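To be precise, the following lines are my_file-v5.txt, and they hold compact mmCIF, C-alpha atoms and all ligand atoms.
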```txt
# COMPACT_ATOMS: atom_id res chain seq x y z
CA MET C 298 -3.34 15.01 -11.62
CA ASN C 299 -6.34 17.01 -12.60
CA LYS C 300 -9.10 15.04 -10.90
CA LYS C 301 -12.02 16.51 -9.00
CA THR C 302 -11.68 16.37 -5.25
CA ILE C 303 -13.99 16.70 -2.29
CA LYS C 304 -13.10 20.41 -2.17
CA ASP C 305 -14.85 20.96 -5.51
CA TYR C 306 -18.27 20.33 -3.94
CA ASN C 307 -20.67 22.14 -1.67
CA LEU C 308 -21.51 19.42 0.84
CA ASN C 309 -24.12 21.29 2.82
CA ASN C 310 -27.21 19.11 3.37
CA LYS C 311 -25.78 16.52 0.98
CA LYS C 312 -25.61 12.78 1.56
CA VAL C 313 -22.04 11.86 0.69
CA ILE C 314 -21.20 8.28 -0.18
CA LEU C 315 -17.63 7.81 0.95
CA ARG C 316 -15.58 4.78 -0.09
CA CYS C 317 -12.99 4.23 2.64
CA ASP C 318 -10.36 1.54 3.06
CA LEU C 319 -11.24 0.27 6.53
CA ASN C 320 -9.68 -3.12 5.81
CA VAL C 321 -7.93 -3.39 9.21
CA PRO C 322 -6.47 -6.53 10.79
CA ILE C 323 -8.93 -8.02 13.31
CA LYS C 324 -8.11 -10.93 15.63
CA ASP C 325 -10.87 -12.52 17.72
CA GLY C 326 -13.04 -9.43 17.21
CA ILE C 327 -10.26 -7.05 18.32
CA ILE C 328 -8.71 -4.53 15.89
CA THR C 329 -4.92 -4.99 16.10
CA ASP C 330 -3.94 -1.95 14.01
CA ASP C 331 -6.28 0.99 13.42
CA THR C 332 -3.96 3.00 11.12
CA ARG C 333 -6.39 2.81 8.20
CA ILE C 334 -9.34 4.00 10.29
CA LYS C 335 -7.26 6.95 11.48
CA ALA C 336 -6.20 7.71 7.90
CA SER C 337 -9.90 8.07 6.95
CA LEU C 338 -10.78 10.60 9.65
CA GLU C 339 -9.69 13.74 7.80
CA THR C 340 -12.15 13.23 4.95
CA ILE C 341 -14.99 12.07 7.22
CA ASN C 342 -14.55 15.09 9.51
CA TYR C 343 -14.40 17.44 6.53
CA ILE C 344 -17.82 16.19 5.35
CA ILE C 345 -19.30 16.53 8.84
CA ASN C 346 -17.84 20.02 9.33
CA ASN C 347 -19.21 21.14 5.98
CA GLY C 348 -22.80 20.19 6.74
CA GLY C 349 -23.05 16.83 4.98
CA SER C 350 -23.94 13.37 6.23
CA VAL C 351 -21.62 10.44 5.55
CA ILE C 352 -22.52 7.01 4.16
CA ILE C 353 -19.38 4.86 4.33
CA LEU C 354 -18.67 1.84 2.14
CA SER C 355 -15.63 -0.37 2.74
CA HIS C 356 -14.49 -3.92 2.22
CA LEU C 357 -12.87 -6.06 4.91
CA GLY C 358 -10.87 -9.14 3.94
CA LYS C 359 -12.23 -11.56 1.36
CA ILE C 360 -15.62 -13.25 1.38
CA LYS C 361 -15.48 -16.57 -0.45
CA GLU C 362 -17.93 -18.57 1.65
CA ALA C 363 -20.63 -17.83 4.24
CA GLU C 364 -18.16 -18.73 7.02
CA ASP C 365 -15.95 -15.72 6.11
CA LYS C 366 -18.72 -13.28 7.05
CA LYS C 367 -18.16 -13.71 10.76
CA LYS C 368 -14.48 -12.81 10.81
CA ASN C 369 -14.88 -10.07 8.21
CA ASN C 370 -17.72 -8.19 9.86
CA LEU C 371 -17.27 -4.40 9.96
CA TYR C 372 -19.19 -3.97 13.23
CA PRO C 373 -16.03 -3.72 15.43
CA VAL C 374 -14.76 -1.06 13.01
CA SER C 375 -17.93 0.99 13.56
CA ILE C 376 -17.20 0.98 17.31
CA ARG C 377 -13.58 2.11 16.87
CA LEU C 378 -14.59 4.70 14.29
CA SER C 379 -17.15 6.08 16.71
CA GLU C 380 -14.47 6.39 19.44
CA LEU C 381 -12.07 8.16 17.10
CA LEU C 382 -14.70 10.54 15.71
CA ASN C 383 -16.15 11.09 19.15
CA ARG C 384 -19.66 10.73 17.79
CA LYS C 385 -22.23 8.02 17.15
CA VAL C 386 -21.74 5.82 14.11
CA ILE C 387 -24.92 4.18 12.82
CA PHE C 388 -24.21 0.67 11.54
CA SER C 389 -26.13 -1.18 8.84
CA ASN C 390 -25.66 -4.92 9.07
CA ILE C 391 -26.92 -5.36 5.50
CA THR C 392 -25.45 -4.08 2.25
CA ARG C 393 -28.78 -3.42 0.52
CA GLY C 394 -32.52 -3.48 1.14
CA PRO C 395 -35.38 -1.62 2.83
CA GLU C 396 -33.77 -1.52 6.29
CA LEU C 397 -30.70 0.21 4.89
CA ASN C 398 -32.85 2.55 2.75
CA GLU C 399 -34.69 3.62 5.88
CA LYS C 400 -31.47 4.32 7.79
CA VAL C 401 -30.27 6.44 4.87
CA ALA C 402 -33.60 8.30 4.62
CA ASN C 403 -33.35 9.24 8.30
CA LEU C 404 -29.81 10.65 8.10
CA LYS C 405 -29.42 14.21 9.30
CA GLN C 406 -26.55 16.69 8.88
CA GLY C 407 -23.41 15.38 10.60
CA ASP C 408 -24.68 11.77 10.86
CA VAL C 409 -22.30 8.93 9.99
CA LEU C 410 -23.55 5.60 8.70
CA LEU C 411 -21.24 2.64 8.09
CA ILE C 412 -22.58 -0.06 5.78
CA GLN C 413 -21.54 -3.70 6.29
CA ASN C 414 -18.56 -5.11 4.32
CA THR C 415 -19.12 -4.49 0.60
CA ARG C 416 -17.71 -7.95 -0.15
CA TYR C 417 -20.70 -9.62 1.53
CA GLU C 418 -22.05 -8.97 -1.98
CA ASP C 419 -19.42 -11.36 -3.34
CA LEU C 420 -21.16 -14.42 -1.89
CA GLU C 421 -23.67 -14.66 -4.69
CA GLY C 422 -22.06 -13.97 -8.05
CA LYS C 423 -19.13 -11.83 -6.83
CA LYS C 424 -21.21 -8.71 -7.40
CA GLU C 425 -18.83 -6.30 -5.65
CA SER C 426 -15.60 -7.67 -7.16
CA THR C 427 -16.96 -7.95 -10.71
CA CYS C 428 -18.31 -4.41 -10.62
CA ASP C 429 -21.97 -5.44 -11.00
CA GLU C 430 -23.92 -2.57 -12.57
CA ASP C 431 -27.14 -3.06 -10.58
CA LEU C 432 -25.25 -3.08 -7.31
CA ALA C 433 -23.28 0.04 -8.25
CA LYS C 434 -26.51 1.80 -9.29
CA TYR C 435 -28.21 0.81 -6.05
CA TRP C 436 -25.38 2.15 -3.85
CA ALA C 437 -25.25 5.33 -5.94
CA SER C 438 -29.01 5.80 -5.38
CA LEU C 439 -28.39 6.21 -1.64
CA GLY C 440 -26.54 9.54 -1.90
CA ASP C 441 -25.96 12.81 -3.75
CA ILE C 442 -22.16 12.83 -4.18
CA TYR C 443 -19.56 10.06 -4.34
CA ILE C 444 -16.09 10.53 -2.82
CA ASN C 445 -13.38 7.88 -3.12
CA ASP C 446 -10.94 8.02 -0.20
CA ALA C 447 -9.91 4.34 -0.36
CA TYR C 448 -6.35 4.68 -1.64
CA GLY C 449 -5.47 1.06 -0.76
CA THR C 450 -8.10 -0.25 -3.22
CA MET C 451 -7.49 2.15 -6.10
CA HIS C 452 -5.93 -0.66 -8.16
CA ARG C 453 -9.23 -2.59 -8.11
CA ALA C 454 -12.25 -2.02 -10.34
CA HIS C 455 -15.08 -2.97 -7.99
CA ALA C 456 -18.70 -1.84 -7.74
CA SER C 457 -18.10 0.28 -4.63
CA ASN C 458 -15.13 2.20 -6.02
CA VAL C 459 -15.36 2.23 -9.82
CA GLY C 460 -18.93 1.16 -10.71
CA ILE C 461 -20.60 3.73 -8.48
CA SER C 462 -18.58 6.70 -9.85
CA LYS C 463 -20.49 6.58 -13.12
CA TYR C 464 -23.80 7.42 -11.49
CA LEU C 465 -22.93 10.37 -9.25
CA PRO C 466 -20.96 13.61 -9.23
CA ASN C 467 -17.64 12.38 -7.83
CA GLY C 468 -14.22 13.30 -6.48
CA LEU C 469 -11.20 12.08 -4.56
CA GLY C 470 -10.85 12.32 -0.78
CA PHE C 471 -7.80 13.79 0.98
CA LEU C 472 -5.95 10.48 1.39
CA PRO C 473 -5.56 9.42 -2.28
CA GLU C 474 -4.95 13.02 -3.30
CA LYS C 475 -2.00 13.20 -0.90
CA GLU C 476 -0.68 9.73 -1.78
CA ILE C 477 -0.71 10.33 -5.52
CA SER C 478 0.67 13.85 -5.37
CA ARG C 479 3.60 12.66 -3.19
CA ILE C 480 4.46 9.81 -5.56
CA ASP C 481 4.09 12.08 -8.62
CA SER C 482 6.25 14.72 -7.00
CA ILE C 483 9.16 12.40 -6.20
CA MET C 484 8.94 10.57 -9.54
CA ASN C 485 8.76 13.67 -11.68
CA GLU C 486 11.09 16.19 -10.10
CA ASN C 487 14.21 16.53 -12.15
CA THR C 488 16.85 16.12 -9.42
CA HIS C 489 19.73 13.65 -9.39
CA PRO C 490 21.08 11.29 -8.19
CA PHE C 491 17.73 9.50 -8.00
CA ILE C 492 18.23 6.19 -6.19
CA VAL C 493 15.78 3.29 -6.00
CA ILE C 494 16.19 0.60 -3.34
CA MET C 495 14.29 -2.64 -3.86
CA GLY C 496 14.02 -5.47 -1.37
CA GLY C 497 11.41 -7.74 0.15
CA ALA C 498 10.54 -11.24 -0.83
CA LYS C 499 9.82 -12.07 -4.44
CA VAL C 500 11.15 -10.67 -7.71
CA SER C 501 8.07 -11.81 -9.60
CA ASP C 502 5.80 -9.45 -7.61
CA LYS C 503 7.97 -6.48 -8.58
CA ILE C 504 9.19 -7.14 -12.12
CA LYS C 505 7.09 -4.35 -13.59
CA VAL C 506 8.16 -1.87 -10.90
CA ILE C 507 11.82 -2.67 -11.60
CA GLU C 508 11.26 -2.35 -15.36
CA ASN C 509 9.66 1.06 -14.95
CA LEU C 510 11.91 2.55 -12.28
CA ILE C 511 15.22 1.40 -13.74
CA THR C 512 14.63 3.58 -16.79
CA LYS C 513 14.22 6.63 -14.56
CA CYS C 514 16.70 6.21 -11.70
CA ASP C 515 20.48 6.59 -11.61
CA LYS C 516 21.13 3.49 -9.50
CA LEU C 517 18.94 0.61 -8.40
CA LEU C 518 20.16 -1.07 -5.22
CA VAL C 519 18.76 -4.57 -4.70
CA GLY C 520 18.69 -6.20 -1.25
CA GLY C 521 16.36 -8.52 0.66
CA GLY C 522 15.13 -11.90 -0.46
CA MET C 523 14.86 -10.82 -4.08
CA SER C 524 18.61 -10.17 -4.39
CA TYR C 525 19.39 -13.91 -4.33
CA THR C 526 17.57 -14.52 -7.60
CA PHE C 527 19.70 -11.77 -9.18
CA LEU C 528 22.85 -13.29 -7.63
CA LYS C 529 21.90 -16.74 -8.93
CA ALA C 530 21.36 -15.21 -12.38
CA LYS C 531 24.93 -13.87 -12.14
CA GLY C 532 26.21 -17.37 -11.44
CA TYR C 533 26.67 -17.26 -7.64
CA LYS C 534 25.78 -20.21 -5.41
CA ILE C 535 22.99 -19.05 -3.11
CA GLY C 536 22.47 -22.22 -1.01
CA LYS C 537 18.93 -22.36 0.39
CA SER C 538 18.30 -18.61 0.03
CA LEU C 539 14.99 -17.42 -1.36
CA LEU C 540 14.92 -18.21 -5.08
CA ASP C 541 12.31 -17.12 -7.55
CA GLU C 542 13.11 -19.64 -10.28
CA GLU C 543 10.68 -18.22 -12.82
CA SER C 544 12.34 -14.77 -12.62
CA ILE C 545 15.92 -15.85 -13.35
CA SER C 546 15.71 -15.03 -17.04
CA PHE C 547 14.21 -11.61 -16.26
CA CYS C 548 17.11 -10.95 -13.86
CA LYS C 549 19.65 -12.01 -16.51
CA ASP C 550 18.09 -9.67 -19.07
CA ILE C 551 18.03 -6.69 -16.76
CA LEU C 552 21.62 -7.32 -15.61
CA ASN C 553 22.75 -7.40 -19.23
CA LYS C 554 20.84 -4.28 -20.11
CA TYR C 555 21.87 -2.19 -17.11
CA PRO C 556 25.22 -3.59 -15.89
CA ASN C 557 26.23 -0.33 -14.20
CA LYS C 558 22.90 0.71 -12.79
CA LEU C 559 22.09 -2.37 -10.77
CA ILE C 560 23.98 -2.75 -7.49
CA LEU C 561 23.80 -6.15 -5.78
CA PRO C 562 24.92 -7.23 -2.29
CA ILE C 563 28.60 -8.16 -1.87
CA ASP C 564 28.17 -9.85 1.48
CA THR C 565 25.32 -11.37 3.48
CA ILE C 566 24.23 -12.62 6.89
CA THR C 567 23.59 -16.34 6.64
CA ALA C 568 22.09 -19.01 8.87
CA THR C 569 21.14 -22.64 8.36
CA SER C 570 17.46 -21.92 9.03
CA THR C 571 15.29 -18.84 9.52
CA ASP C 572 14.81 -19.53 13.24
CA SER C 573 18.43 -20.38 14.01
CA GLU C 574 20.05 -18.19 16.69
CA ASN C 575 23.47 -18.62 15.04
CA TYR C 576 24.34 -16.48 12.08
CA THR C 577 27.52 -15.67 10.15
CA ILE C 578 28.74 -12.81 7.97
CA LYS C 579 29.79 -14.16 4.58
CA ASP C 580 31.11 -12.67 1.36
CA ILE C 581 28.59 -13.29 -1.38
CA ASP C 582 30.68 -15.99 -3.09
CA LYS C 583 30.99 -18.01 0.13
CA ILE C 584 27.38 -19.10 0.80
CA ASP C 585 27.35 -22.81 1.68
CA ASP C 586 24.78 -25.22 0.27
CA ASN C 587 23.01 -25.60 3.63
CA GLU C 588 22.83 -21.84 4.32
CA LEU C 589 20.41 -19.08 3.42
CA GLY C 590 21.03 -15.34 3.25
CA LEU C 591 18.75 -13.38 5.56
CA ASP C 592 20.15 -9.84 5.56
CA ILE C 593 22.71 -7.70 3.75
CA GLY C 594 26.16 -7.71 5.38
CA PRO C 595 28.30 -4.75 6.62
CA LYS C 596 30.21 -4.33 3.34
CA THR C 597 26.92 -4.10 1.45
CA ILE C 598 25.58 -1.57 3.95
CA SER C 599 28.67 0.60 3.24
CA LEU C 600 28.32 0.11 -0.50
CA PHE C 601 24.63 1.09 -0.44
CA CYS C 602 25.32 4.12 1.80
CA ASP C 603 28.10 5.23 -0.58
CA ASN C 604 25.57 5.18 -3.40
CA LEU C 605 23.12 7.16 -1.28
CA LYS C 606 25.63 9.83 -0.26
CA ASN C 607 24.62 12.61 -2.63
CA ALA C 608 21.12 11.32 -3.40
CA LYS C 609 18.49 14.00 -3.96
CA ARG C 610 15.55 11.59 -3.91
CA VAL C 611 15.04 7.95 -3.01
CA ILE C 612 12.25 5.44 -3.42
CA ILE C 613 12.37 2.34 -1.21
CA ASN C 614 10.29 -0.71 -1.86
CA GLY C 615 10.83 -3.64 0.49
CA PRO C 616 13.17 -4.40 3.41
CA MET C 617 16.84 -5.44 3.07
CA GLY C 618 16.36 -8.59 5.14
CA MET C 619 14.00 -10.61 7.27
CA PHE C 620 13.57 -7.60 9.55
CA GLU C 621 10.88 -9.20 11.71
CA ASN C 622 13.73 -11.11 13.39
CA GLU C 623 16.09 -8.75 15.24
CA ASN C 624 19.14 -10.70 14.03
CA TYR C 625 18.31 -9.83 10.43
CA ALA C 626 17.00 -6.27 10.85
CA LYS C 627 20.34 -4.45 10.90
CA GLY C 628 20.72 -3.94 7.14
CA THR C 629 17.28 -2.31 6.81
CA LYS C 630 17.79 -0.24 9.95
CA LYS C 631 21.23 1.07 8.91
CA ILE C 632 19.90 2.18 5.53
CA TYR C 633 17.00 4.01 7.22
CA ASP C 634 19.43 5.59 9.73
CA PHE C 635 21.65 6.88 6.92
CA ILE C 636 18.68 8.37 5.09
CA THR C 637 17.16 10.08 8.11
CA LYS C 638 20.53 11.37 9.40
CA ASN C 639 21.25 12.93 6.00
CA ASN C 640 17.70 14.22 5.46
CA ILE C 641 17.37 12.55 2.08
CA LYS C 642 13.94 13.00 0.49
CA THR C 643 12.61 9.44 0.61
CA LEU C 644 9.35 7.79 -0.30
CA ILE C 645 8.59 4.39 1.21
CA GLY C 646 5.97 2.39 -0.58
CA GLY C 647 4.44 -0.93 -1.40
CA GLY C 648 4.49 -4.33 0.26
CA ASP C 649 5.83 -4.57 3.77
CA SER C 650 8.06 -1.51 3.74
CA ALA C 651 5.83 0.67 5.92
CA ALA C 652 5.85 -1.95 8.69
CA SER C 653 9.66 -2.05 8.63
CA VAL C 654 9.91 1.75 9.00
CA ASN C 655 7.48 1.78 11.90
CA LYS C 656 9.51 -0.92 13.61
CA LEU C 657 13.04 0.30 12.91
CA SER C 658 12.96 4.05 12.37
CA ASP C 659 11.04 7.29 12.83
CA ALA C 660 8.23 7.49 10.27
CA ASN C 661 8.06 11.30 10.62
CA LYS C 662 11.52 11.69 9.14
CA PHE C 663 10.53 10.37 5.72
CA TYR C 664 9.01 12.45 2.93
CA HIS C 665 6.15 9.99 2.56
CA ILE C 666 5.18 6.52 3.73
CA SER C 667 2.52 5.11 1.52
CA THR C 668 -0.48 3.40 3.13
CA GLY C 669 -1.33 1.32 0.06
CA GLY C 670 0.70 -1.79 -0.75
CA GLY C 671 -0.74 -3.07 -4.03
CA ALA C 672 -2.02 0.32 -5.19
CA THR C 673 1.38 1.95 -4.76
CA LEU C 674 3.17 -0.92 -6.47
CA GLU C 675 0.87 -0.65 -9.48
CA TYR C 676 1.25 3.12 -9.57
CA LEU C 677 5.04 2.75 -9.48
CA GLU C 678 4.73 0.32 -12.38
CA GLY C 679 3.37 3.24 -14.35
CA LYS C 680 -0.18 1.86 -14.48
CA ILE C 681 -3.26 4.03 -14.35
CA LEU C 682 -5.25 3.04 -11.27
CA PRO C 683 -8.91 2.29 -12.15
CA GLY C 684 -10.23 3.95 -8.98
CA ILE C 685 -8.51 7.19 -9.96
CA SER C 686 -9.38 7.13 -13.67
CA ALA C 687 -13.07 6.62 -12.78
CA ILE C 688 -13.11 10.06 -11.12
CA ASN C 689 -14.09 13.01 -13.31
CA GLU C 690 -11.52 15.56 -14.45
CA LYS C 691 -11.70 19.06 -13.04
CA GLU C 692 -13.46 21.49 -15.34
CA LYS C 693 -11.06 23.90 -17.01
P1 LIG Q 1 7.56 -7.55 0.44
O1 LIG Q 1 6.14 -7.59 0.92
O2 LIG Q 1 7.76 -8.11 -0.92
O3 LIG Q 1 8.17 -6.18 0.62
O4 LIG Q 1 8.38 -8.56 1.35
C1 LIG Q 1 8.60 -8.35 2.71
C2 LIG Q 1 9.06 -9.63 3.33
O5 LIG Q 1 10.29 -10.05 2.76
C3 LIG Q 1 9.31 -9.50 4.82
O6 LIG Q 1 8.36 -10.25 5.51
C4 LIG Q 1 10.72 -10.02 5.00
O7 LIG Q 1 10.85 -10.89 6.11
C5 LIG Q 1 10.97 -10.79 3.73
N1 LIG Q 1 12.40 -10.89 3.42
C6 LIG Q 1 13.28 -9.89 3.29
N2 LIG Q 1 14.53 -10.35 3.07
C7 LIG Q 1 14.44 -11.69 3.07
C8 LIG Q 1 15.38 -12.74 2.90
N3 LIG Q 1 16.69 -12.50 2.70
N4 LIG Q 1 14.93 -14.02 2.93
C9 LIG Q 1 13.62 -14.27 3.13
N5 LIG Q 1 12.68 -13.32 3.31
C10 LIG Q 1 13.08 -12.04 3.28
```

Re-express the file's structure as structure tokens.
Amino acid sequence: MNKKTIKDYNLNNKKVILRCDLNVPIKDGIITDDTRIKASLETINYIINNGGSVIILSHLGKIKEAEDKKKNNLYPVSIRLSELLNRKVIFSNITRGPELNEKVANLKQGDVLLIQNTRYEDLEGKKESTCDEDLAKYWASLGDIYINDAYGTMHRAHASNVGISKYLPNGLGFLPEKEISRIDSIMNENTHPFIVIMGGAKVSDKIKVIENLITKCDKLLVGGGMSYTFLKAKGYKIGKSLLDEESISFCKDILNKYPNKLILPIDTITATSTDSENYTIKDIDKIDDNELGLDIGPKTISLFCDNLKNAKRVIINGPMGMFENENYAKGTKKIYDFITKNNIKTLIGGGDSAASVNKLSDANKFYHISTGGGATLEYLEGKILPGISAINEKEK
């Protein structure tokens, strides 16, 4: 990637507009996971330490009606950000207008201003989400340089991350630079075996990722809820297991095209309902009509580990079972244990995978755990992310 980054600019006495992804879960006004705020600190501190002031734009949840403004208010984030930075964070409760202009005009070196949720602008005419030109121009008018650090929203083309880039000198922050370079590195290095493990819920969400990665990897191991649609496509009875009816023909095609590359579960942990305390280990051809498969079984764990034995690089997308319930977390955990014990270079990305690593393993033992669900999925599909392509190339 040859995009400009924050390091290409002299930030001294500059007002830097920084798009962050501060879209954290908030319950009853309390932030329940501040990972994304912490992930933004490196770039914010770099601007402060290099003599700039910081004007932060971020979305939080979706704003479809006036009611949504209350629960998706960035004010609690400004408080947590201030604690983590150990300095005052000025908060603007409005997304445009004279009051905000005045706050910006008064910014001094090292000051940090957080502007209210960019999606408040979606209430009238979806201005943020449709990349409204006037809005982008207005936000650009507030600063001297634009830096996009919001990796989690790189797959969107909104006013605050794509529109604004056109009107200012721009660059990437540290977070997307690291995310993209890690994915590029593992995708492009020419070492084999290269193993991809796919799991999680629905096939339909990941068809394009499978289509892209299967051409590049040596084996694609499929577990989790999505494996049952593949098994059904092969003619197995899957009882009440998760089925993605619309993807059956895709699964048939891919099985025909890559019969030796795709590895499916050979046994499963079944129950009669997701909250049942009773579960049974079953070979894959023994699932009863009233049962559903909720994790990969011990034979599948061995089969998958055999395929991982000499792996030089691995990409994992999605858990092997319903890991939130301890009874169905073993398959995912055993795969992570094998990888960490054998020091296999592994990238975890997209969907719910990061949560499963945090719960079942030691995140520090993986090559990279991506912070962006949708953005990483689209990047693994081989798509160009609009937030990245909007940033200028480095001069040669
Ligand atoms: P994703 O976001 O696509 O990676 O999906 C993650 C979700 O898939 C998790 O919440 C898991 O509980 C769920 N999941 C994994 N395996 C199964 C399964 N066998 N049946 C139902 N849900 C599953």

> Taking all atoms listed in the file into account, which residues are within 7 Å of ligand LIG 1 (chain Q), as a VMD selection string?
Replying inline: chain C and resid 496 to 499 521 to 522 538 to 539 590 to 592 614 to 621 647 to 650

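Taking atom CA of Ile461 of chain C and atom CA of Val401 of chain C as endpoints, the distance between them is 16.7 Å.
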
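The nearest approach to Leu465 of chain C among the residues C:Ala687, C:Leu381, C:Ile598, C:Val374, with all atoms listed in the file taken into account, belongs to C:Ala687.
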
>> Between atom CA of Asp365 of chain C and atom CA of Glu418 of chain C, what distance in Å does the model show, to one decimal?
In response: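 Value for the atom CA of Asp365 of chain C-atom CA of Glu418 of chain C distance: 12.2 Å.
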
>> Using all atoms listed in the file and a cutoff of 9 Å, can you tell me which residues are near (25.2, -28.3, 3.2) in the file's coordinates, and write them out as JSON, numbers by chain?
In response: {"C": [536, 569, 585, 586, 587, 588]}

> Using all atoms listed in the file, which residue out of C:Ser438, C:Ser546, C:Thr427, C:Gln406 lies closest to Ala454 of chain C?
Replying inline: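 Checking each of C:Ser438, C:Ser546, C:Thr427, C:Gln406 against Ala454 of chain C, counting all atoms listed in the file, the winner is C:Thr427.
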
>> Around (-14.0, 14.7, -9.9), as given in the file, which residues come within 9 Å? Count all atoms listed in the file and list them as a ChimeraX atom specification.
In response: /C:299-303,305,444,466-469,687-692

Export of prior selection with C-alpha atoms as a CSV table (one decimal), keeping the file's coordinate frame:
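Everything below was put into selection-v5.csv:
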```csv
chain,number,residue,atom,x,y,z
C,299,ASN,CA,-6.3,17.0,-12.6
C,300,LYS,CA,-9.1,15.0,-10.9
C,301,LYS,CA,-12.0,16.5,-9.0
C,302,THR,CA,-11.7,16.4,-5.2
C,303,ILE,CA,-14.0,16.7,-2.3
C,305,ASP,CA,-14.8,21.0,-5.5
C,444,ILE,CA,-16.1,10.5,-2.8
C,466,PRO,CA,-21.0,13.6,-9.2
C,467,ASN,CA,-17.6,12.4,-7.8
C,468,GLY,CA,-14.2,13.3,-6.5
C,469,LEU,CA,-11.2,12.1,-4.6
C,687,ALA,CA,-13.1,6.6,-12.8
C,688,ILE,CA,-13.1,10.1,-11.1
C,689,ASN,CA,-14.1,13.0,-13.3
C,690,GLU,CA,-11.5,15.6,-14.4
C,691,LYS,CA,-11.7,19.1,-13.0
C,692,GLU,CA,-13.5,21.5,-15.3
```

>> Quick one: residues within 12 Å of Asn622 of chain C, only C-alpha atoms, excluding same-chain residues fewer than 3 positions away - as an MDAnalysis selection string?
In response: chainID C and resid 571:574 576 591:592 618:619 625:629 653 656:657

Polymer residues at most 7 Å from Ser389 of chain C, only C-alpha atoms, same-chain spacing of 2 or more positions, as a PDB file with C-alpha atoms, in the coordinates of the input:
```pdb
ATOM      1  CA  ILE C 387     -24.920   4.180  12.820  1.00  0.00           C
ATOM      2  CA  ILE C 391     -26.920  -5.360   5.500  1.00  0.00           C
ATOM      3  CA  LEU C 397     -30.700   0.210   4.890  1.00  0.00           C
ATOM      4  CA  LEU C 411     -21.240   2.640   8.090  1.00  0.00           C
ATOM      5  CA  ILE C 412     -22.580  -0.060   5.780  1.00  0.00           C
ATOM      6  CA  GLN C 413     -21.540  -3.700   6.290  1.00  0.00           C
TER       7      GLN C 413
END
```

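Considering the residues C:Glu396, C:Ile685, C:Lys534, C:Ile613 and counting only C-alpha atoms, Val654 of chain C has its shortest atom-to-atom contact with C:Ile613.
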
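Between atom CA of Thr526 of chain C and atom CA of Cys548 of chain C there is a distance of 7.2 Å.
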